[in-house]
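A.B. asks: Quick one: the structure is below, questions incoming.
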Amino acid sequence: MTANTQQDPEQYGSDTATPADLPTQYAPAEVEGKLYERWVERGYFEADPKSGKPPYTIVIPPPNVTGSLHIGHAFEHTLIDALTRRKRMQGYETLWQPGMDHAGIATQNVVERELAAEGKSRHDLGRAAFVERVWQWKAESGGQIAGQMRRLGNGVAWGRDRFTMDEGLSRAVQTVFKRMYDDELIYRAERIINWCPRCLTAISDIEVDYQDDDGELVSIRYGEGEESVVVATTRAETMLGDAAVAVHPDDERYAHLVGKRIKLPLTDRSIPVVPDAHVDPEFGTGAVKVTPAHDPNDFAIGQRHGLEPIEVLDERGIVTVHGPFEGLDRFEARSTIVAALRAEGRIVSEKRPYVHSVGHCSRCKTTLEPRLSMQWWVKVAPLAKAAGDAVRDGKVDIHPQELSQRYFDWVDNLHDWCISRQLWWGHRIPVWYGPGGETVCLGPDEQPPSGEGWTQDSDVLDTWFSSGLWPFSTLGWPEKTEALEKFYPNSVLVTGYDLLFFWVARMMMFGVYAMDGVPPFHTIALHGMVRDEHGKKMSKSFGNTVNPLVWMDAYGSDAVRLTLASGANPGTDVPIGEDWVKASRNFANKVWNATRFALMNGATVQGPLPAPEEMTAEDRWILSRLNAVITETDAYYDDYQFAKLSDTLYHFAWDEVFDWYVELTKTTFQKGGRPAEVSGRVLGEVLDVLLRLLHPVVPFVTETLWTTLTGRESVVIAAWPADSGFRDEAAEREIGTLQRVITEVRRFRADQGLQPGQRVPARLSLDGTSLAAHEDAIRALLRLEPEGEGFAATASLPVAGATVALDLSGAIDFAAERKRLTKDLGLAEKELKQTTAKLGNDGFLAKAPDDVVAKIRTRREAAEADIARITEQLAGLPTA
RNA sequence: GGGCGCAUAGCUCAGCGGUAGAGCGCUGCCCUUACAAGGCAGAUGUCGCAGGUUCGAUCCCUGCUGCGCCCACCA
């Protein structure tokens, strides 16, 4: 067995830099930018479709070109970058596909707000000029986003950068649209849709945000005398469009009215009373006003009873009915109409506060208006079935698995998807209408029939239509490109759980449809949302949002990345605060200084690793631990446990390598000779591997240190460490004992009030403890002088078979020592009592595993020994 | 109304049948020539409440309370 952990046996170069190249503090700002540009120039991040290596593909969830990136993007990018960097090191042909999303309605709104500030509207510019203006905005925003991604260190294939509205992706959109149109999966129909009176467009069901709003429920009497009925509503203005009153078919209270017509107040119309099972007789009066043109349920009732929808509001929510209310905004109309009804004595119970959930536009928060409208739809059922089955059949894994239930609930209950938007920024619907009412759908490169009078549909597609094609459109589809062949399906999709429906489900549907049933990824890894340091949701209105650039400037990109990765437990939200970023920066600095120290002491990666027989126990111990950590790290990576892997590496590096191994080797280095050479090589090895393990998460500091340490080109293309299988349990036990001895004596010293630097004469009895070889290290770490003339032990500490006798006659505080020993005695007695009780428990002995029983036996023996020892010490202590 | 999840140290969170853990914060001592962005040592918890299973429960089961998220509906 060998302790060599190198995956590739190639020798390192000899031009190892000197520690003089490294300043005493890590200054991220000075290295990060240069390193990134170098990586890009060398083409490390580009993906070669012709490569013989196995592919590893992740497409970026394309950021919206609505401005700049927020901390949530930095989080997502950190995870993706770490995954791809590791796979690249593992020898995969990795593609992190970059790109951005035109984000139809969101971006159009941003530019419209800009125009509004100039006192203009998009109509002042006209469609072509407005779209041109949005392209300008896109260039600006896109540049900012790309800059932020570079700062963060994202290893994306810039050579393959795409945009949802670039030529190729637009062809993909048109190709899919045409194919689905021909397959009758896309159709046009008039339905009640969610209409935003501010954005002036239809939106789909999932773009509706429901909020509880304070409303008022008013009860209104329709009809006269015997033939009257009371209905309740929060939207009195819609009564102008009422087409019926509905009651439950079995409701005897209204049986006499069914089939009759009653007078609609404030109008000269009368409306029928219809029986409909949708009505809940228990709710309110059991009678419902029916407004088919302005309510989805009412529309359904209307269809069942052949009622004509009566539109009373226009696209801006203004009343269009001739009469006293014409021209009023919907909210003005509501109060005005209630007042008018009251004047006529129609309000039978005063309006009362009523909290109910109301749909708002997810983009501009305006209260939505259900509206009857002609729109384009995707027939979702067959696609959703296939998308659901892909997960059910195990072709695609959703991680964490709990979220797959949500996915199924959604794809199994989908309504058809409204894909047309009355916007200007987006992919125009490729349908043309002829002068004689003809309709043709065009594929790419097809022209509308010649002749006068052909016009293209003025609507654009929902932005999620194009992003739904992202996993293959970015690879050149519909062309049969080499990239498509190599990199589809994608290996993993990394995105937030908030996009499960908006984006993930759509990609699944389009993927299985367009790519012959092959779903777009093997694994869907869903992460949570970044929250503030108190776990609160970040929002602009709350003022707790974070610009990642600010922290990157202050603490470095690595610090931001490490903080984000450390918080990433699968599927759960990630709190982040500045103090944590600082702590990560401290870690980067610690790694920096440890490496600096190592280089100053002759740590090297030159030559083969010495044989274990030549090594000290601490050498073998740290290599044993190192290999165990490699395996642990791999397991966490494969399970997307970023917090766990970050934590593991953080503690291994800081606690074990820096605080113990480096400290223990100091004495070896001081003495020099062959043991120092061996430890220098081991330390070089440990750092080499550790830096490679850390690189995917903290790429910059590791690159600087690793290239200095090894003299090689770049850790980006270094081999990912492999567990050599080297383990040395004896060494691990030995060093564990050593640590106990040192900690115990340190505690004693601290309890005695000794200054850390104060040197104390001591006699060490280490025979038979395996610690004999560590005497020098023990003395160095504990500041113990050799026992000189007149040595008189005043304290004797037996630890793990060893005894450390100290002459504290110059410094000791006997009263404090007595107090400490008394306390220890109490603890030991308690321990003895507990363990004795446990071992006297037959049930425990019968069922507990052997190792647990053995552990408790050992504990009892230790407690007995402690009691004896402490009692003896107390007895021997001079009374002050 | 349906579904999912959470309640552990002051804060943010791991752990999940066998003496409670981390980071930050806190206390004390130290500029011990890699690092004060550091070192060493230390304190802090009825593991939400009530039952149950078990030799043993923070961990499993049931109920309760509080909180969060998703979906649907709300005249």
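Each chain of the structure tokens is named A, B, ... in the order shown, its residues numbered from 1; ligands are numbered from 1 in display order.
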When you look at A:Gly394 with a cut-off of 10 Å (counting only C-alpha atoms (C1' of nucleotides)), what residues show up, excluding the ones that are within fewer than 4 positions of it in the same chain? I need them as a ChimeraX atom specification.
C.D. replies: /A:389-390,398,522-523
A.B. asks: Taking the chain letters and numbering used in this document, name the residues of stretch 229-262 of chain A that DSSP puts in strand (DSSP E or B), as number ranges by chain.
C.D. replies: A: 229-233, 244-247, 261-262
A.B. asks: For stretch 375-377 of chain A, please output as a compact mmCIF listing (two decimals) with C-alpha atoms, in the first residue's frame all residues within 8 Å (counting only C-alpha atoms (C1' of nucleotides); exclusion window: fewer than 4 positions along the same chain).
C.D. replies:
# COMPACT_ATOMS: atom_id res chain seq x y z
CA ILE A 186 -51.17 24.98 -30.18
CA TYR A 187 -54.50 26.59 -30.88
CA ARG A 188 -56.32 29.89 -30.65
CA ALA A 189 -59.41 30.35 -28.52
CA GLU A 190 -61.47 32.94 -26.72
CA ARG A 191 -61.48 32.37 -22.98
CA ASP A 416 -53.88 24.77 -20.90
CA TRP A 417 -51.16 27.37 -21.06
CA CYS A 418 -51.91 30.82 -22.41
CA ILE A 419 -48.81 31.70 -24.44
CA SER A 420 -49.75 34.92 -26.24
A.B. asks: Fewer than 4 positions away in the same chain doesn't count, so skip those; otherwise give me all residues within 10 Å of A:Phe501, counting only C-alpha atoms (C1' of nucleotides), as a PyMOL selection string.
C.D. replies: chain A and resi 206+406-407+410-411+497+505-507
A.B. asks: I need the residue nearest chain A from this list: B:C64, B:A72, B:C29, B:C49. Use only C-alpha atoms (C1' of nucleotides) for the distance.
C.D. replies: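 Under the stated criterion, the closest residue is B:C29.
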A.B. asks: Hey, list the chain B side of the contact with chain A: 8 Å cut-off, only C-alpha atoms (C1' of nucleotides), answer as an MDAnalysis selection string.
C.D. replies: chainID B and resid 4 11:12 18 23:24 29:30 32 34:35 37 40:41 55:56 70:71 74:75
A.B. asks: Residues near A:Lys833, anyone? I mean within 10 Å using only C-alpha atoms (C1' of nucleotides), not counting same-chain ones fewer than 5 positions away, as a PyMOL selection string.
C.D. replies: chain A and resi 827-828+838+860+863
A.B. asks: Give the helix (DSSP H, G or I) residues of stretch 481-639 of chain A, as DSSP finds them on the backbone, and put them as a VMD selection string.
C.D. replies: chain A and resid 482 to 487 497 to 514 548 to 555 557 to 566 578 to 600 612 to 614 617 to 638
A.B. asks: For B:A9, please output as a compact mmCIF listing (two decimals) with N, CA and C atoms (P, O5', C5', C4', C3', O3' and C1' of nucleotides), in the first residue's frame all residues within 12 Å (counting only C-alpha atoms (C1' of nucleotides); exclusion window: fewer than 4 positions along the same chain).
C.D. replies:
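As a result, out-v9.txt now contains:
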# COMPACT_ATOMS: atom_id res chain seq x y z
P C B 13 -32.11 29.95 9.70
O5' C B 13 -30.99 28.85 9.42
C5' C B 13 -31.18 27.52 9.83
C4' C B 13 -29.85 26.82 9.82
C3' C B 13 -29.91 25.32 9.98
O3' C B 13 -30.14 24.72 8.72
C1' C B 13 -28.23 26.21 11.39
P A B 20 -25.75 14.24 26.17
O5' A B 20 -24.52 14.18 25.20
C5' A B 20 -23.76 15.34 24.86
C4' A B 20 -24.34 15.94 23.60
C3' A B 20 -23.58 17.14 23.12
O3' A B 20 -22.68 16.64 22.15
C1' A B 20 -25.92 17.45 22.94
P G B 21 -21.15 16.97 22.34
O5' G B 21 -20.77 17.63 20.95
C5' G B 21 -21.00 19.01 20.74
C4' G B 21 -20.98 19.23 19.27
C3' G B 21 -20.70 20.67 18.88
O3' G B 21 -19.32 20.92 18.84
C1' G B 21 -22.60 19.89 17.74
P A B 22 -18.78 22.38 18.96
O5' A B 22 -18.99 22.92 17.47
C5' A B 22 -18.33 22.28 16.39
C4' A B 22 -18.69 22.98 15.11
C3' A B 22 -18.53 24.49 15.14
O3' A B 22 -17.19 24.84 14.89
C1' A B 22 -20.64 23.95 14.23
P G B 25 -17.19 36.74 15.90
O5' G B 25 -18.33 36.93 16.99
C5' G B 25 -19.29 37.98 16.84
C4' G B 25 -20.31 37.89 17.95
C3' G B 25 -19.73 37.90 19.36
O3' G B 25 -19.46 39.21 19.79
C1' G B 25 -21.31 36.16 19.19
P C B 26 -18.21 39.46 20.77
O5' C B 26 -18.63 38.68 22.10
C5' C B 26 -19.79 39.08 22.82
C4' C B 26 -19.95 38.19 24.03
C3' C B 26 -18.70 38.04 24.89
O3' C B 26 -18.55 39.15 25.76
C1' C B 26 -19.65 35.92 24.52
P A B 43 -16.45 24.90 30.25
O5' A B 43 -17.52 26.09 30.40
C5' A B 43 -17.63 26.80 31.62
C4' A B 43 -18.58 27.94 31.43
C3' A B 43 -19.93 27.54 30.84
O3' A B 43 -20.80 27.09 31.85
C1' A B 43 -19.08 29.40 29.66
P U B 44 -21.78 25.83 31.52
O5' U B 44 -22.89 26.51 30.61
C5' U B 44 -23.61 27.65 31.07
C4' U B 44 -24.33 28.27 29.90
C3' U B 44 -25.18 27.31 29.09
O3' U B 44 -26.45 27.14 29.72
C1' U B 44 -23.95 28.74 27.65
P G B 45 -26.93 25.70 30.19
O5' G B 45 -28.22 25.49 29.29
C5' G B 45 -28.81 26.58 28.55
C4' G B 45 -29.53 25.99 27.37
C3' G B 45 -30.56 24.93 27.74
O3' G B 45 -31.83 25.46 27.39
C1' G B 45 -29.11 24.17 25.99
P C B 47 -34.45 19.66 26.64
O5' C B 47 -33.97 20.29 25.26
C5' C B 47 -34.80 21.23 24.53
C4' C B 47 -34.52 21.02 23.06
C3' C B 47 -35.49 20.02 22.41
O3' C B 47 -36.37 20.82 21.61
C1' C B 47 -33.19 19.54 21.87
A.B. asks: Atom C1' of B:G63 to atom C1' of B:G1: how many Å, to one decimal?
C.D. replies: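 Atom-to-atom, atom C1' of B:G63 to atom C1' of B:G1, that is 21.0 Å.
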A.B. asks: Would you give me, as a Markdown table, each residue of stretch 538-576 of chain A having an atom within 10 Å of an atom of stretch 129-149 of chain A, along with its shortest atom pair and that distance in Å to one decimal, using only C-alpha atoms and sorting by chain and residue number?
C.D. replies:
| residue | atom | partner | partner_atom | distance |
| --- | --- | --- | --- | --- |
| A:Pro548 | CA | A:Gln148 | CA | 8.6 |
| A:Leu549 | CA | A:Gln148 | CA | 7.3 |
| A:Met552 | CA | A:Gln148 | CA | 9.9 |
A.B. asks: Kindly save the residues from that selection, with N, CA, C and O atoms included, as a PDB file, in the first residue's frame.
C.D. replies:
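The result, stored in out19.pdb:
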ATOM      1  N   PRO A 548     -24.089  41.518  -4.499  1.00  0.00           N
ATOM      2  CA  PRO A 548     -22.930  40.650  -4.294  1.00  0.00           C
ATOM      3  C   PRO A 548     -21.607  41.363  -4.588  1.00  0.00           C
ATOM      4  O   PRO A 548     -20.583  41.040  -3.989  1.00  0.00           O
ATOM      5  N   LEU A 549     -21.644  42.324  -5.484  1.00  0.00           N
ATOM      6  CA  LEU A 549     -20.396  43.021  -5.828  1.00  0.00           C
ATOM      7  C   LEU A 549     -19.787  43.734  -4.633  1.00  0.00           C
ATOM      8  O   LEU A 549     -18.565  43.806  -4.490  1.00  0.00           O
ATOM      9  N   MET A 552     -18.034  41.211  -2.656  1.00  0.00           N
ATOM     10  CA  MET A 552     -16.869  40.706  -3.397  1.00  0.00           C
ATOM     11  C   MET A 552     -15.744  41.732  -3.349  1.00  0.00           C
ATOM     12  O   MET A 552     -14.571  41.377  -3.231  1.00  0.00           O
TER      13      MET A 552
END
